[in-house]
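Below is one structure, written out as structure tokens, with a few remarks after it.
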Amino acid sequence: MRRKTPKIVLTFATTSDAMALEAAARDRGLPGRMIPIPSEISAGCGLAWCIPAEEWDAFERAPEVRYEGKFEVELY
């Protein structure tokens, strides 16, 4: 059986912001993936970037990382 694990979910004001972060993350080899906003969160454009909580430090140090909100949630 799969278990939920701690994740950091970043939300964005616009889809353009979400796509810019995705491109920057891919270019820099940063962890994470784009997901629909989880039902626990109500925000922005409907897209979110999901990062395993233990990988947040590497992601946070990237200067081009811009987001509207940061949430800690348990997801599959």
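Quick note on naming: the chains in the structure tokens go A, B, ... in the order shown, residues restart at 1 in each chain, and ligands are numbered from 1 in order of appearance.
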
Could you pull out all residues of chain A with a DSSP call of strand (DSSP E or B) and give them as a PyMOL selection string? chain A and resi 5-11+33-36+47-52+69-75

Using only C-alpha atoms, which residues sit within 12 Å of A:Phe71 once same-chain residues fewer than 5 positions away are excluded, as a compact mmCIF listing (two decimals) with N, CA, C and O atoms, in the first residue's frame?
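What ended up in out_7.txt:
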# COMPACT_ATOMS: atom_id res chain seq x y z
N PRO A 6 5.65 13.63 3.17
CA PRO A 6 5.67 15.10 3.22
C PRO A 6 6.17 15.70 1.91
O PRO A 6 7.18 15.26 1.36
N LYS A 7 5.46 16.69 1.43
CA LYS A 7 5.81 17.40 0.20
C LYS A 7 5.73 18.90 0.46
O LYS A 7 4.96 19.37 1.30
N ILE A 8 6.51 19.64 -0.30
CA ILE A 8 6.38 21.09 -0.36
C ILE A 8 5.65 21.39 -1.66
O ILE A 8 6.05 20.92 -2.73
N VAL A 9 4.58 22.16 -1.57
CA VAL A 9 3.79 22.52 -2.76
C VAL A 9 3.86 24.04 -2.92
O VAL A 9 3.51 24.78 -2.00
N LEU A 10 4.34 24.46 -4.08
CA LEU A 10 4.43 25.88 -4.40
C LEU A 10 3.29 26.25 -5.34
O LEU A 10 3.03 25.53 -6.30
N THR A 11 2.63 27.37 -5.07
CA THR A 11 1.54 27.84 -5.92
C THR A 11 1.97 29.13 -6.63
O THR A 11 2.94 29.79 -6.22
N PHE A 12 1.23 29.47 -7.67
CA PHE A 12 1.60 30.59 -8.53
C PHE A 12 0.39 31.48 -8.80
O PHE A 12 -0.74 31.00 -8.85
N ILE A 37 -3.28 21.78 -8.41
CA ILE A 37 -3.31 22.17 -6.99
C ILE A 37 -4.12 21.14 -6.21
O ILE A 37 -5.26 20.84 -6.58
N PRO A 38 -3.55 20.61 -5.12
CA PRO A 38 -4.28 19.64 -4.29
C PRO A 38 -5.54 20.29 -3.68
O PRO A 38 -5.57 21.51 -3.46
N GLU A 40 -6.57 20.38 -0.79
CA GLU A 40 -6.32 21.01 0.51
C GLU A 40 -5.93 22.48 0.39
O GLU A 40 -5.94 23.22 1.35
N ILE A 41 -5.56 22.90 -0.83
CA ILE A 41 -5.04 24.25 -1.06
C ILE A 41 -5.96 24.97 -2.04
O ILE A 41 -6.37 24.40 -3.05
N SER A 42 -6.23 26.22 -1.76
CA SER A 42 -7.01 27.05 -2.67
C SER A 42 -6.14 28.24 -3.06
O SER A 42 -5.80 29.06 -2.21
N ALA A 43 -5.73 28.30 -4.34
CA ALA A 43 -4.83 29.38 -4.73
C ALA A 43 -4.71 29.51 -6.23
O ALA A 43 -4.97 28.57 -6.98
N ALA A 48 0.61 23.75 -9.55
CA ALA A 48 1.51 23.83 -8.40
C ALA A 48 2.76 23.02 -8.71
O ALA A 48 2.74 22.09 -9.52
N TRP A 49 3.86 23.35 -8.05
CA TRP A 49 5.11 22.60 -8.17
C TRP A 49 5.25 21.80 -6.89
O TRP A 49 5.18 22.34 -5.79
N CYS A 50 5.46 20.50 -7.03
CA CYS A 50 5.53 19.59 -5.90
C CYS A 50 6.97 19.10 -5.73
O CYS A 50 7.57 18.62 -6.69
N ILE A 51 7.48 19.21 -4.52
CA ILE A 51 8.86 18.84 -4.21
C ILE A 51 8.85 17.95 -2.98
O ILE A 51 8.19 18.28 -1.98
N PRO A 52 9.57 16.84 -2.98
CA PRO A 52 9.72 16.08 -1.73
C PRO A 52 10.31 17.01 -0.66
O PRO A 52 11.25 17.76 -0.92
N ALA A 53 9.74 16.98 0.52
CA ALA A 53 10.14 17.92 1.58
C ALA A 53 11.64 17.88 1.85
O ALA A 53 12.25 18.93 2.09
N TRP A 56 13.83 20.33 -0.33
CA TRP A 56 13.51 21.76 -0.37
C TRP A 56 14.76 22.64 -0.32
O TRP A 56 14.86 23.65 -1.01

Taking the DSSP secondary structure from the backbone, can you list the residues of stretch 22-71 of chain A that are helix (DSSP H, G or I), as a list in words? Glu22, Ala23, Ala24, Ala25, Arg26, Asp27, Arg28, Ala53, Glu54, Glu55, Trp56, Asp57, Ala58, Phe59 and Glu60 of chain A

Write the selection just made, keeping N, CA and C atoms, as a compact mmCIF listing (two decimals), in the first residue's frame?
# COMPACT_ATOMS: atom_id res chain seq x y z
N GLU A 22 8.93 26.01 -13.95
CA GLU A 22 9.18 24.68 -14.47
C GLU A 22 10.40 24.68 -15.40
N ALA A 23 10.49 25.66 -16.27
CA ALA A 23 11.63 25.75 -17.19
C ALA A 23 12.93 25.97 -16.42
N ALA A 24 12.91 26.86 -15.43
CA ALA A 24 14.11 27.12 -14.62
C ALA A 24 14.54 25.87 -13.86
N ALA A 25 13.57 25.17 -13.30
CA ALA A 25 13.89 23.95 -12.54
C ALA A 25 14.51 22.90 -13.45
N ARG A 26 13.96 22.72 -14.63
CA ARG A 26 14.50 21.74 -15.58
C ARG A 26 15.92 22.13 -16.02
N ASP A 27 16.13 23.42 -16.31
CA ASP A 27 17.44 23.89 -16.74
C ASP A 27 18.51 23.68 -15.66
N ARG A 28 18.13 23.85 -14.41
CA ARG A 28 19.08 23.74 -13.30
C ARG A 28 19.12 22.35 -12.66
N ALA A 53 9.74 16.98 0.52
CA ALA A 53 10.14 17.92 1.58
C ALA A 53 11.64 17.88 1.85
N GLU A 54 12.24 16.70 1.77
CA GLU A 54 13.67 16.60 2.09
C GLU A 54 14.56 17.25 1.02
N GLU A 55 14.00 17.63 -0.12
CA GLU A 55 14.78 18.25 -1.19
C GLU A 55 14.56 19.76 -1.27
N TRP A 56 13.83 20.33 -0.33
CA TRP A 56 13.51 21.76 -0.37
C TRP A 56 14.76 22.64 -0.32
N ASP A 57 15.76 22.29 0.48
CA ASP A 57 16.95 23.12 0.61
C ASP A 57 17.62 23.40 -0.73
N ALA A 58 17.79 22.39 -1.56
CA ALA A 58 18.42 22.58 -2.87
C ALA A 58 17.58 23.50 -3.75
N PHE A 59 16.28 23.37 -3.66
CA PHE A 59 15.38 24.17 -4.48
C PHE A 59 15.36 25.62 -4.02
N GLU A 60 15.34 25.83 -2.72
CA GLU A 60 15.23 27.18 -2.16
C GLU A 60 16.44 28.06 -2.49

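The interatomic distance for the pair atom CA of A:Leu75 and atom CA of A:Arg3 works out to 8.1 Å.
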
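Proximity of A:Leu21, A:Thr14, A:Pro31, A:Glu64 to A:Gly44, computed with only C-alpha atoms, is greatest for A:Thr14.
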
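When atom CA of A:Gly69 is paired with atom CA of A:Thr5, their separation reads 19.5 Å.
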
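Distance check against A:Arg33 using only C-alpha atoms: of A:Ala18, A:Tyr67, A:Met1, A:Glu74, the minimum falls on A:Ala18.
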
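Put simply, atom CA of A:Pro63 is 18.3 Å away from atom CA of A:Ala13.
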
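Closest approach to A:Glu68 from the set A:Ile35, A:Cys45, A:Met19, A:Leu30 is made by A:Cys45, with distances taken over only C-alpha atoms.
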
Nearest to A:Arg66, chosen from A:Met34, A:Ser16, A:Arg2, A:Gly46, with only C-alpha atoms counted in the distances: A:Ser16
